[in-house]
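File shown: structure36.txt. Contents: compact mmCIF, C-alpha atoms and all ligand atoms.
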# COMPACT_ATOMS: atom_id res chain seq x y z
CA MET A 1 -132.33 68.16 10.69
CA THR A 2 -134.95 70.88 10.93
CA ARG A 3 -137.74 68.75 12.37
CA GLN A 4 -139.88 70.42 15.06
CA TYR A 5 -139.60 67.95 17.94
CA GLY A 6 -142.61 67.04 20.07
CA PHE A 7 -143.01 67.67 23.79
CA ASP A 8 -141.93 64.16 24.87
CA THR A 9 -138.69 64.49 22.88
CA LEU A 10 -137.97 68.01 24.12
CA GLN A 11 -138.52 67.16 27.80
CA VAL A 12 -135.66 64.63 27.45
CA HIS A 13 -133.31 66.52 25.10
CA ALA A 14 -133.88 70.30 24.97
CA GLY A 15 -130.82 72.28 26.04
CA SER A 16 -128.56 69.28 26.56
CA GLN A 17 -125.99 67.44 24.49
CA PRO A 18 -123.28 64.93 25.38
CA ASP A 19 -120.71 66.69 27.57
CA PRO A 20 -118.12 68.21 25.19
CA ALA A 21 -115.22 67.40 27.53
CA THR A 22 -116.00 63.78 28.49
CA GLY A 23 -118.87 62.56 26.29
CA ALA A 24 -120.98 62.01 29.44
CA ARG A 25 -124.52 61.35 28.16
CA GLN A 26 -126.36 62.59 31.25
CA THR A 27 -125.86 66.30 31.99
CA PRO A 28 -122.99 66.49 34.53
CA ILE A 29 -123.42 68.31 37.82
CA TYR A 30 -120.90 71.13 37.36
CA GLN A 31 -120.14 71.44 41.05
CA THR A 32 -118.01 74.57 40.78
CA THR A 33 -118.37 78.16 41.90
CA ALA A 34 -115.92 79.71 39.40
CA TYR A 35 -114.60 79.32 35.84
CA VAL A 36 -111.08 80.04 34.59
CA PHE A 37 -110.79 83.00 32.19
CA ARG A 38 -108.77 82.40 29.00
CA ASP A 39 -106.93 85.68 29.55
CA ALA A 40 -107.49 89.23 30.81
CA ASP A 41 -109.31 90.32 27.61
CA HIS A 42 -111.72 87.37 27.91
CA ALA A 43 -112.42 88.29 31.54
CA ALA A 44 -113.05 91.93 30.62
CA ALA A 45 -115.44 90.96 27.79
CA LEU A 46 -117.42 88.70 30.12
CA PHE A 47 -117.71 91.35 32.83
CA ASN A 48 -118.84 93.95 30.26
CA LEU A 49 -121.51 91.53 28.95
CA GLN A 50 -119.84 91.76 25.51
CA GLU A 51 -119.38 88.01 25.48
CA VAL A 52 -121.63 85.37 27.03
CA GLY A 53 -119.86 82.85 29.24
CA PHE A 54 -119.42 81.55 32.75
CA ILE A 55 -117.93 83.80 35.45
CA TYR A 56 -119.29 82.74 38.83
CA SER A 57 -122.12 80.35 39.79
CA ARG A 58 -124.21 83.02 41.53
CA LEU A 59 -124.93 84.21 37.96
CA THR A 60 -124.63 81.17 35.70
CA ASN A 61 -123.66 77.50 35.89
CA PRO A 62 -123.61 74.96 33.03
CA THR A 63 -125.98 72.47 34.73
CA VAL A 64 -128.45 75.23 35.59
CA ALA A 65 -128.09 76.61 32.04
CA VAL A 66 -129.29 73.29 30.57
CA LEU A 67 -132.36 73.39 32.82
CA GLN A 68 -133.04 77.02 31.85
CA GLU A 69 -133.02 76.13 28.17
CA ARG A 70 -135.14 73.01 28.76
CA ILE A 71 -137.84 74.96 30.63
CA ALA A 72 -137.80 77.86 28.14
CA THR A 73 -138.24 75.38 25.28
CA LEU A 74 -141.09 73.46 26.93
CA GLU A 75 -142.93 76.73 27.67
CA GLY A 76 -142.30 78.11 24.18
CA GLY A 77 -140.32 81.10 25.50
CA ILE A 78 -137.11 82.78 24.33
CA GLY A 79 -135.19 82.35 27.60
CA ALA A 80 -135.53 81.38 31.24
CA VAL A 81 -133.84 82.22 34.53
CA CYS A 82 -133.80 79.55 37.22
CA CYS A 83 -133.61 80.42 40.90
CA SER A 84 -133.81 78.96 44.39
CA SER A 85 -137.60 78.62 44.84
CA GLY A 86 -140.96 79.51 43.37
CA HIS A 87 -141.18 82.53 45.64
CA ALA A 88 -137.77 83.69 44.44
CA ALA A 89 -139.06 83.35 40.85
CA GLN A 90 -141.94 85.72 41.63
CA ILE A 91 -139.54 88.39 42.93
CA LEU A 92 -137.22 87.82 39.98
CA ALA A 93 -140.15 88.24 37.57
CA LEU A 94 -141.22 91.54 39.15
CA PHE A 95 -137.75 92.97 39.81
CA PRO A 96 -136.96 94.20 36.24
CA LEU A 97 -140.45 95.75 35.94
CA MET A 98 -140.90 97.56 39.23
CA GLN A 99 -139.72 100.77 40.91
CA PRO A 100 -140.76 102.13 44.31
CA GLY A 101 -144.38 103.31 44.05
CA THR A 102 -145.39 100.85 41.34
CA SER A 103 -147.90 98.03 41.72
CA VAL A 104 -149.21 94.74 40.34
CA VAL A 105 -152.84 93.84 39.72
CA ALA A 106 -153.10 90.26 40.99
CA SER A 107 -155.78 87.61 41.17
CA ASN A 108 -157.31 87.21 44.64
CA ARG A 109 -157.07 83.43 44.17
CA LEU A 110 -153.35 82.69 44.37
CA TYR A 111 -151.20 80.23 46.30
CA GLY A 112 -151.42 81.34 49.98
CA GLY A 113 -147.71 82.12 50.21
CA THR A 114 -147.97 84.40 47.17
CA ILE A 115 -150.84 86.36 48.71
CA GLN A 116 -148.64 86.82 51.79
CA GLN A 117 -145.56 87.85 49.73
CA PHE A 118 -147.62 90.33 47.69
CA THR A 119 -149.59 91.72 50.65
CA ASN A 120 -146.77 92.36 53.09
CA THR A 121 -143.24 91.60 51.97
CA ILE A 122 -143.06 93.41 48.62
CA ARG A 123 -144.15 96.61 50.39
CA LYS A 124 -140.65 96.75 51.86
CA PHE A 125 -139.38 97.34 48.30
CA GLY A 126 -141.97 100.09 47.83
CA TRP A 127 -144.06 97.84 45.56
CA SER A 128 -147.67 96.85 46.17
CA ALA A 129 -150.41 94.57 44.84
CA LYS A 130 -154.11 95.14 44.23
CA PHE A 131 -156.10 91.92 44.43
CA VAL A 132 -159.16 91.45 42.24
CA ASP A 133 -161.38 88.60 41.09
CA PHE A 134 -159.85 87.50 37.76
CA ASP A 135 -163.18 85.94 36.69
CA ASP A 136 -164.34 89.57 36.40
CA ILE A 137 -162.53 91.07 33.40
CA ASP A 138 -164.02 94.55 33.98
CA ALA A 139 -162.72 94.52 37.56
CA ILE A 140 -159.19 93.83 36.27
CA ARG A 141 -159.49 96.71 33.78
CA ALA A 142 -160.81 99.03 36.51
CA ALA A 143 -157.94 98.17 38.89
CA ILE A 144 -155.22 99.21 36.41
CA ASP A 145 -153.82 102.72 36.89
CA GLU A 146 -150.72 104.69 35.85
CA ASN A 147 -148.59 102.92 38.49
CA THR A 148 -149.50 99.40 37.39
CA ARG A 149 -146.57 97.49 35.89
CA ALA A 150 -147.95 93.94 35.51
CA LEU A 151 -150.94 91.61 35.84
CA PHE A 152 -150.39 88.39 37.81
CA CYS A 153 -152.46 85.19 37.99
CA GLU A 154 -152.23 81.39 38.06
CA THR A 155 -153.32 79.08 35.21
CA ILE A 156 -154.97 76.66 37.66
CA ALA A 157 -155.41 78.41 40.98
CA ASN A 158 -154.65 76.52 44.13
CA PRO A 159 -156.48 75.16 46.11
CA GLY A 160 -159.99 75.27 44.62
CA GLY A 161 -159.37 74.13 41.04
CA VAL A 162 -160.18 77.50 39.46
CA ILE A 163 -159.13 77.98 35.82
CA THR A 164 -158.16 81.48 34.63
CA ASP A 165 -159.33 82.65 31.21
CA LEU A 166 -155.78 83.54 30.15
CA ASP A 167 -156.80 84.74 26.67
CA ALA A 168 -159.26 87.26 28.11
CA VAL A 169 -156.79 88.50 30.76
CA ALA A 170 -154.02 88.77 28.14
CA ARG A 171 -156.26 91.01 26.02
CA VAL A 172 -156.69 93.40 28.99
CA ALA A 173 -152.91 93.41 29.54
CA GLU A 174 -152.30 94.13 25.87
CA GLU A 175 -154.82 97.01 25.79
CA ALA A 176 -153.02 98.53 28.79
CA GLY A 177 -149.51 97.92 27.39
CA LEU A 178 -148.64 95.77 30.40
CA PRO A 179 -146.95 92.37 30.74
CA LEU A 180 -149.07 89.44 31.96
CA ILE A 181 -147.24 87.14 34.42
CA VAL A 182 -148.72 83.66 34.81
CA ASP A 183 -147.78 81.19 37.55
CA ASN A 184 -148.00 77.86 35.69
CA THR A 185 -146.91 75.64 38.61
CA SER A 186 -150.11 73.60 38.95
CA ALA A 187 -150.60 73.11 35.21
CA THR A 188 -147.02 72.63 33.94
CA PRO A 189 -146.32 73.26 30.23
CA TRP A 190 -147.73 69.81 29.43
CA LEU A 191 -151.26 70.85 30.42
CA CYS A 192 -151.02 74.52 29.37
CA ARG A 193 -148.49 76.83 27.70
CA PRO A 194 -149.58 80.29 28.88
CA ILE A 195 -147.43 82.06 26.26
CA GLU A 196 -149.71 80.57 23.56
CA HIS A 197 -152.61 82.30 25.38
CA GLY A 198 -150.85 85.68 25.46
CA ALA A 199 -148.74 85.56 28.65
CA THR A 200 -145.55 87.67 28.66
CA LEU A 201 -143.76 85.89 31.51
CA VAL A 202 -144.35 82.45 33.02
CA VAL A 203 -143.19 81.65 36.55
CA HIS A 204 -142.80 78.23 38.13
CA SER A 205 -142.21 76.65 41.46
CA THR A 206 -140.12 73.79 40.01
CA THR A 207 -140.36 72.33 43.53
CA LYS A 208 -143.68 70.81 42.48
CA TYR A 209 -144.53 68.86 39.29
CA MET A 210 -141.49 69.95 37.23
CA THR A 211 -139.14 68.12 39.63
CA GLY A 212 -142.01 65.89 40.65
CA ASN A 213 -140.42 63.83 43.39
CA GLY A 214 -140.33 66.19 46.37
CA THR A 215 -136.53 66.47 46.57
CA VAL A 216 -135.53 70.11 45.96
CA THR A 217 -136.99 73.62 45.92
CA GLY A 218 -136.52 75.68 42.80
CA GLY A 219 -138.09 78.28 40.56
CA ALA A 220 -138.00 79.60 37.02
CA VAL A 221 -139.06 82.71 35.09
CA VAL A 222 -139.64 82.29 31.35
CA ASP A 223 -139.87 85.25 28.96
CA CYS A 224 -141.97 85.03 25.78
CA GLY A 225 -139.48 87.40 24.10
CA THR A 226 -142.01 89.58 22.26
CA PHE A 227 -142.91 92.31 24.76
CA ASP A 228 -141.67 95.80 23.78
CA TRP A 229 -139.98 97.02 26.98
CA SER A 230 -139.14 100.43 25.46
CA ALA A 231 -142.55 101.41 24.05
CA SER A 232 -144.09 103.07 27.10
CA GLY A 233 -141.14 104.35 29.16
CA ARG A 234 -142.64 102.45 32.13
CA PHE A 235 -139.80 99.88 32.33
CA PRO A 236 -136.64 101.98 32.75
CA SER A 237 -134.59 99.07 34.16
CA LEU A 238 -134.79 97.50 30.70
CA SER A 239 -134.99 100.56 28.45
CA GLU A 240 -132.73 103.14 30.15
CA PRO A 241 -128.92 103.14 30.72
CA GLU A 242 -127.82 100.74 33.47
CA PRO A 243 -125.22 102.41 35.71
CA ALA A 244 -123.74 99.08 36.87
CA TYR A 245 -122.79 98.20 33.25
CA HIS A 246 -121.34 101.52 31.97
CA GLY A 247 -124.73 102.82 30.83
CA LEU A 248 -125.63 99.75 28.75
CA LYS A 249 -129.32 99.65 27.77
CA PHE A 250 -130.57 96.06 28.13
CA HIS A 251 -133.45 96.22 25.65
CA GLU A 252 -131.45 98.08 22.98
CA THR A 253 -128.41 95.79 23.40
CA PHE A 254 -129.97 92.34 23.91
CA GLY A 255 -133.31 92.73 22.09
CA ASN A 256 -135.70 89.89 22.85
CA LEU A 257 -133.28 88.45 25.46
CA ALA A 258 -133.26 91.71 27.48
CA PHE A 259 -135.49 90.43 30.28
CA THR A 260 -133.56 87.15 30.67
CA PHE A 261 -130.15 88.87 30.63
CA TYR A 262 -131.31 91.45 33.16
CA GLY A 263 -132.66 88.66 35.41
CA ILE A 264 -129.22 87.08 35.47
CA ALA A 265 -126.82 90.04 35.18
CA VAL A 266 -128.64 92.25 37.70
CA GLY A 267 -131.31 90.05 39.37
CA LEU A 268 -129.24 87.02 40.34
CA ARG A 269 -126.04 89.04 40.66
CA ASP A 270 -127.51 91.40 43.29
CA LEU A 271 -130.36 89.45 44.90
CA GLY A 272 -128.41 86.16 44.92
CA MET A 273 -131.42 83.81 44.90
CA THR A 274 -129.52 81.34 42.73
CA MET A 275 -130.39 77.71 41.96
CA ASN A 276 -127.50 75.38 42.80
CA PRO A 277 -126.32 72.72 40.30
CA GLN A 278 -127.48 69.81 42.50
CA ALA A 279 -131.02 71.16 42.49
CA ALA A 280 -130.86 71.67 38.72
CA HIS A 281 -129.74 68.03 38.36
CA TYR A 282 -132.72 66.67 40.34
CA THR A 283 -135.09 68.87 38.37
CA LEU A 284 -133.58 67.79 35.04
CA LEU A 285 -134.10 64.14 36.06
CA GLY A 286 -137.71 64.92 36.96
CA ILE A 287 -138.53 66.86 33.80
CA GLU A 288 -137.54 63.90 31.60
CA THR A 289 -140.80 62.17 32.65
CA LEU A 290 -143.04 65.24 33.04
CA SER A 291 -145.65 64.30 30.43
CA LEU A 292 -145.82 60.67 31.60
CA ARG A 293 -146.35 61.73 35.18
CA MET A 294 -148.87 64.47 34.39
CA LYS A 295 -150.93 62.04 32.31
CA LYS A 296 -151.15 59.64 35.28
CA HIS A 297 -151.71 62.46 37.81
CA VAL A 298 -154.67 63.72 35.77
CA GLU A 299 -156.08 60.24 35.10
CA ASN A 300 -156.00 59.41 38.83
CA ALA A 301 -157.36 62.83 39.88
CA GLU A 302 -160.31 62.63 37.47
CA ARG A 303 -161.19 59.15 38.65
CA ILE A 304 -160.87 59.96 42.35
CA ALA A 305 -162.76 63.27 42.08
CA ALA A 306 -165.66 61.49 40.33
CA TRP A 307 -165.64 58.76 42.99
CA LEU A 308 -165.64 61.31 45.83
CA GLU A 309 -168.50 63.25 44.23
CA GLU A 310 -170.69 60.14 44.62
CA HIS A 311 -169.64 59.40 48.21
CA PRO A 312 -172.34 60.00 50.88
CA ALA A 313 -169.84 61.60 53.32
CA VAL A 314 -168.83 64.26 50.77
CA ARG A 315 -170.76 67.54 50.46
CA GLU A 316 -169.01 68.79 47.32
CA VAL A 317 -165.87 68.43 45.19
CA SER A 318 -164.14 71.47 43.62
CA TYR A 319 -162.23 70.23 40.60
CA ALA A 320 -162.38 71.82 37.14
CA GLY A 321 -161.91 68.36 35.61
CA LEU A 322 -165.43 67.36 36.68
CA PRO A 323 -168.23 68.14 34.19
CA SER A 324 -170.24 69.51 37.17
CA SER A 325 -167.60 72.24 37.82
CA PRO A 326 -168.46 75.82 36.80
CA TYR A 327 -164.89 75.98 35.38
CA TYR A 328 -165.26 72.88 33.17
CA GLY A 329 -165.86 75.01 30.04
CA LEU A 330 -162.72 77.07 30.71
CA LYS A 331 -160.77 73.87 31.36
CA GLU A 332 -161.73 72.67 27.88
CA LYS A 333 -160.40 75.95 26.45
CA ILE A 334 -157.26 76.59 28.57
CA CYS A 335 -156.04 73.10 29.55
CA PRO A 336 -158.02 70.51 27.57
CA LYS A 337 -155.66 67.68 28.56
CA GLY A 338 -156.73 68.06 32.18
CA ALA A 339 -157.20 70.33 35.19
CA GLY A 340 -154.16 69.02 37.06
CA ALA A 341 -154.22 66.81 40.13
CA LEU A 342 -154.80 69.26 42.95
CA PHE A 343 -158.34 69.73 44.22
CA THR A 344 -160.49 70.21 47.29
CA PHE A 345 -163.59 68.54 48.67
CA ALA A 346 -165.84 69.26 51.65
CA LEU A 347 -166.99 66.72 54.23
CA LYS A 348 -170.53 66.83 55.58
CA GLY A 349 -169.10 66.11 59.06
CA GLY A 350 -167.29 69.51 59.19
CA TYR A 351 -164.03 70.38 60.93
CA ASP A 352 -163.93 67.39 63.33
CA ALA A 353 -164.60 64.86 60.58
CA CYS A 354 -161.79 66.44 58.50
CA VAL A 355 -159.29 66.07 61.33
CA ARG A 356 -160.30 62.42 61.90
CA PHE A 357 -160.10 61.80 58.14
CA VAL A 358 -156.57 63.17 57.76
CA ASP A 359 -155.35 61.17 60.77
CA ALA A 360 -156.91 57.95 59.45
CA LEU A 361 -155.29 58.05 55.99
CA GLU A 362 -152.44 55.58 55.56
CA LEU A 363 -151.18 55.87 51.97
CA PHE A 364 -151.73 59.64 51.66
CA SER A 365 -149.10 61.71 53.50
CA HIS A 366 -150.18 64.68 55.61
CA VAL A 367 -147.78 67.41 54.39
CA ALA A 368 -147.68 71.06 53.30
CA ASN A 369 -146.60 70.32 49.73
CA LEU A 370 -148.13 69.42 46.39
CA GLY A 371 -147.09 68.04 43.02
CA ASP A 372 -145.27 64.99 44.35
CA THR A 373 -145.44 61.46 42.86
CA ARG A 374 -146.86 60.49 46.27
CA SER A 375 -150.45 61.40 47.13
CA LEU A 376 -150.64 64.18 49.69
CA VAL A 377 -153.40 65.59 51.87
CA ILE A 378 -153.89 68.63 54.06
CA HIS A 379 -156.75 70.16 56.04
CA PRO A 380 -156.13 73.87 55.37
CA ALA A 381 -158.33 75.18 58.23
CA SER A 382 -156.23 73.41 60.89
CA THR A 383 -152.84 74.07 59.19
CA THR A 384 -151.97 76.50 56.36
CA HIS A 385 -155.08 78.67 56.84
CA ARG A 386 -155.49 78.41 60.64
CA GLN A 387 -154.47 82.08 61.23
CA LEU A 388 -157.46 83.28 59.17
CA THR A 389 -160.98 83.92 60.41
CA GLU A 390 -163.66 81.46 59.29
CA ALA A 391 -164.98 84.04 56.78
CA GLN A 392 -161.50 84.48 55.30
CA GLN A 393 -161.04 80.71 55.17
CA ILE A 394 -164.30 80.30 53.25
CA ALA A 395 -163.37 83.14 50.85
CA ALA A 396 -160.05 81.38 50.17
CA GLY A 397 -161.85 78.10 49.37
CA ALA A 398 -160.47 76.62 52.59
CA GLY A 399 -163.45 76.55 54.95
CA PRO A 400 -163.43 74.37 58.10
CA ASP A 401 -164.96 71.38 56.23
CA VAL A 402 -162.51 71.49 53.27
CA ILE A 403 -159.79 68.92 52.54
CA ARG A 404 -157.12 69.52 49.88
CA VAL A 405 -155.52 66.60 48.05
CA SER A 406 -152.61 66.41 45.63
CA ILE A 407 -153.17 63.15 43.79
CA GLY A 408 -150.03 61.16 43.05
CA ILE A 409 -149.21 58.51 40.46
CA GLU A 410 -149.91 55.39 42.55
CA ASP A 411 -152.63 52.87 41.57
CA ALA A 412 -155.97 54.66 41.68
CA GLU A 413 -157.59 51.58 43.29
CA ASP A 414 -155.16 51.76 46.22
CA LEU A 415 -155.79 55.48 46.71
CA ILE A 416 -159.56 54.98 46.60
CA ALA A 417 -159.32 52.14 49.14
CA ASP A 418 -157.34 54.41 51.48
CA LEU A 419 -159.84 57.26 51.08
CA GLU A 420 -162.74 54.86 51.66
CA GLN A 421 -161.43 53.48 54.96
CA ALA A 422 -160.54 56.99 56.19
CA LEU A 423 -163.97 58.39 55.25
CA GLU A 424 -165.57 55.56 57.21
CA LYS A 425 -163.52 56.48 60.29
CA ALA A 426 -164.26 60.19 59.77
CA MET A 427 -168.00 59.47 59.73
CA ALA A 428 -167.96 57.34 62.87
CA THR A 429 -168.63 59.59 65.85
CA GLY A 430 -167.49 59.18 69.43
C1 LIG B 1 -145.44 76.17 45.91
C2 LIG B 1 -145.94 77.27 45.06
C3 LIG B 1 -145.28 78.52 45.02
C4 LIG B 1 -144.06 78.79 45.86
O1 LIG B 1 -143.01 77.97 45.46
P1 LIG B 1 -141.80 77.54 46.44
O2 LIG B 1 -140.95 76.69 45.55
O3 LIG B 1 -142.41 76.79 47.58
O4 LIG B 1 -141.14 78.81 46.87
C5 LIG B 1 -145.80 79.49 44.20
N1 LIG B 1 -146.90 79.30 43.46
C6 LIG B 1 -147.56 78.11 43.47
C7 LIG B 1 -148.78 77.94 42.62
C8 LIG B 1 -147.10 77.06 44.27
O5 LIG B 1 -147.77 75.90 44.29

Transcribe the structure of this file into structure tokens.
Amino acid sequence: MTRQYGFDTLQVHAGSQPDPATGARQTPIYQTTAYVFRDADHAAALFNLQEVGFIYSRLTNPTVAVLQERIATLEGGIGAVCCSSGHAAQILALFPLMQPGTSVVASNRLYGGTIQQFTNTIRKFGWSAKFVDFDDIDAIRAAIDENTRALFCETIANPGGVITDLDAVARVAEEAGLPLIVDNTSATPWLCRPIEHGATLVVHSTTKYMTGNGTVTGGAVVDCGTFDWSASGRFPSLSEPEPAYHGLKFHETFGNLAFTFYGIAVGLRDLGMTMNPQAAHYTLLGIETLSLRMKKHVENAERIAAWLEEHPAVREVSYAGLPSSPYYGLKEKICPKGAGALFTFALKGGYDACVRFVDALELFSHVANLGDTRSLVIHPASTTHRQLTEAQQIAAGAGPDVIRVSIGIEDAEDLIADLEQALEKAMATG
């Protein structure tokens, strides 16, 4: 059958089939580190990358391979590499592109941990990042120089509900002959498929909505498969002979799978940030219901954001799903099904009211996570952003009066009742 399956079918089936050995319908957890070679010639062919197969689970594992194909399919890419966390995925996305002295032009509104990784840690590899406002297309163009190897942004930037105009950014990347990397964690492929807007690579923290139940950390890098890695000479890891594989040239040999093969055969082999089969199992279970969950997440978030906007204790709500948001127009263009379920709001009572509010919530959990079925809350100024000055906090959309929520899939009425009683306690002084 040549039918093009829909998203709901693919999230259940893509990449998997009944287990050929046992007929097991659910994808088995292949809890093994190694795989028996048929004979010495088979082993040699695998090690030379002349034949694709399983050698050792630091590189590939059948359970993880199903997840890789599922995520690549849902994102509309040619291949995907899974790894141990979202932060690992970011390194694995950059690793084939970068050399010492090269840099990334990145949005200044990224997940806090990514700002940290790009500001300090990647410098130890000799890489660097230039942060610019991705609402300002000319600023992105101006920041690109001969050492730039990629542009990096998020579809829906955390925490302030900012939507990136991916089509416009992709045009800048294309003009400059550079790949555009998009972190699609907050949107998921159900709300937005960045490759359809011109992204080259899509990265995920599968820890969040893709798994959806707060059980395991994981990451993925998806390649669109159409970028020409040999055109400019700026990506020698992919276009030039690789000494570790007898001078094999990845792009020439593997064509549109070059990036994915390099990510596994060199990235995972030497950096070792592998996803284990148990984690892949939990994420596969989660992905089966991705669209159902995202629909409910968005429905609840839109309802709660609108309710908060009317509440007398609330100064403002930053959520691109609200018609009052300056990003509402971009939401309609980039992720028309919804702006996700992560947003911030500010309390008129300031820092102290925020602390009282978080402590008074009963159904919402106070945690440093997002994208769980459970509703979560955090006061960034007293937790994740407490090291920053007040000016830096405000610039990051995390001023002293700002609360961040990740709306779960519970009954909206129950969540509103919890918010209402906590807002009442937050307002009461003394
Ligand atoms: C959580 C998150 C990350 C980091 O992912 P981990 O799985 O925690 O390493 C990166 N980007 C975004 C947008 C995230 O929400």

Coordinates-based distance that separates atom CA of A:Gly219 from atom CA of A:Ile71 (Å, one decimal):
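Computing the Euclidean distance for atom CA of A:Ile71 and atom CA of A:Gly219 yields 10.5 Å.
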
From the options A:Leu49, A:Ala396, A:Leu370, A:Leu178, which residue's atoms come nearest to A:Asn147, counting all atoms listed in the file?
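Counting all atoms listed in the file, the residue closest to A:Asn147 is A:Leu178.
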
Could I get the residue neighbourhood of ligand LIG 1 (chain B) at 9 Å, counting only C-alpha atoms and all ligand atoms, as a ChimeraX atom specification?
/A:84-90,110-114,154-159,183-186,203-208,216-219,369-371

What separation in Å, quoted to one decimal, exists between atom CA of A:Cys224 and atom CA of A:Thr73?
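Here the two named atoms are 10.4 Å from each other.
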
Rank nothing, just name the residue among A:Ala360, A:Leu166, A:Leu151, A:Met273 nearest to A:Glu196, using all atoms listed in the file.
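Once distances to A:Glu196 are computed over all atoms listed in the file, the minimum belongs to A:Leu166.
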
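Here atom CA of A:Pro336 is placed at a distance of 28.2 Å from atom CA of A:Ile394.
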
Go through A:Thr188, A:Asn256, A:Thr33, A:Thr63 one by one, measure the shortest atom-to-atom distance of each to A:Ala339 using all atoms listed in the file, and give the residue with the smallest value.
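Of A:Thr188, A:Asn256, A:Thr33, A:Thr63, the one nearest A:Ala339, counting all atoms listed in the file, is A:Thr188.
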
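Using all atoms listed in the file, the smallest distance between any of A:Trp190, A:Tyr5, A:Phe254, A:Trp127 and A:Phe95 comes from A:Trp127.
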
Considering all atoms listed in the file, return as a list of chain:residue names whatever protein or nucleic-acid residues lie within 6 Å of A:Ala353, sequence-local ones (same chain, fewer than 4 positions apart) excluded.
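The contact residues come out as A:Gly349, A:Phe357, A:Ala426.
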
Could you list, as a ChimeraX atom specification, every residue within 9 Å of A:Lys296, counting only C-alpha atoms and ignoring same-chain residues fewer than 6 positions away?
/A:408-410

Among listed residues A:Leu419, A:Leu290, A:Leu92, A:Ala65, nearest A:Leu191 (using all atoms listed in the file):
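Smallest distance to A:Leu191 is found for A:Leu290.
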
Mind checking which residues fall within 10 Å of A:Val358, counting only C-alpha atoms, ignoring those fewer than 4 positions away in the same chain, and posting them as an mmCIF file with C-alpha atoms, in the coordinates of the input?
data_model
loop_
_atom_site.group_PDB
_atom_site.id
_atom_site.type_symbol
_atom_site.label_atom_id
_atom_site.label_comp_id
_atom_site.auth_asym_id
_atom_site.auth_seq_id
_atom_site.Cartn_x
_atom_site.Cartn_y
_atom_site.Cartn_z
ATOM 1 C CA ALA A 353 -164.600 64.860 60.580
ATOM 2 C CA CYS A 354 -161.790 66.440 58.500
ATOM 3 C CA GLU A 362 -152.440 55.580 55.560
ATOM 4 C CA PHE A 364 -151.730 59.640 51.660
ATOM 5 C CA SER A 365 -149.100 61.710 53.500
ATOM 6 C CA HIS A 366 -150.180 64.680 55.610
ATOM 7 C CA VAL A 377 -153.400 65.590 51.870
ATOM 8 C CA ILE A 378 -153.890 68.630 54.060
ATOM 9 C CA HIS A 379 -156.750 70.160 56.040
ATOM 10 C CA ILE A 403 -159.790 68.920 52.540
ATOM 11 C CA LEU A 419 -159.840 57.260 51.080
ATOM 12 C CA ALA A 422 -160.540 56.990 56.190
ATOM 13 C CA LEU A 423 -163.970 58.390 55.250
ATOM 14 C CA LYS A 425 -163.520 56.480 60.290
ATOM 15 C CA ALA A 426 -164.260 60.190 59.770
#

Distance query A:Phe345 at most 10 Å, all atoms listed in the file, self and fewer than 4 positions along chain excluded, as a PyMOL selection string:
chain A and resi 160+305+308-309+314-319+397-398+401-405
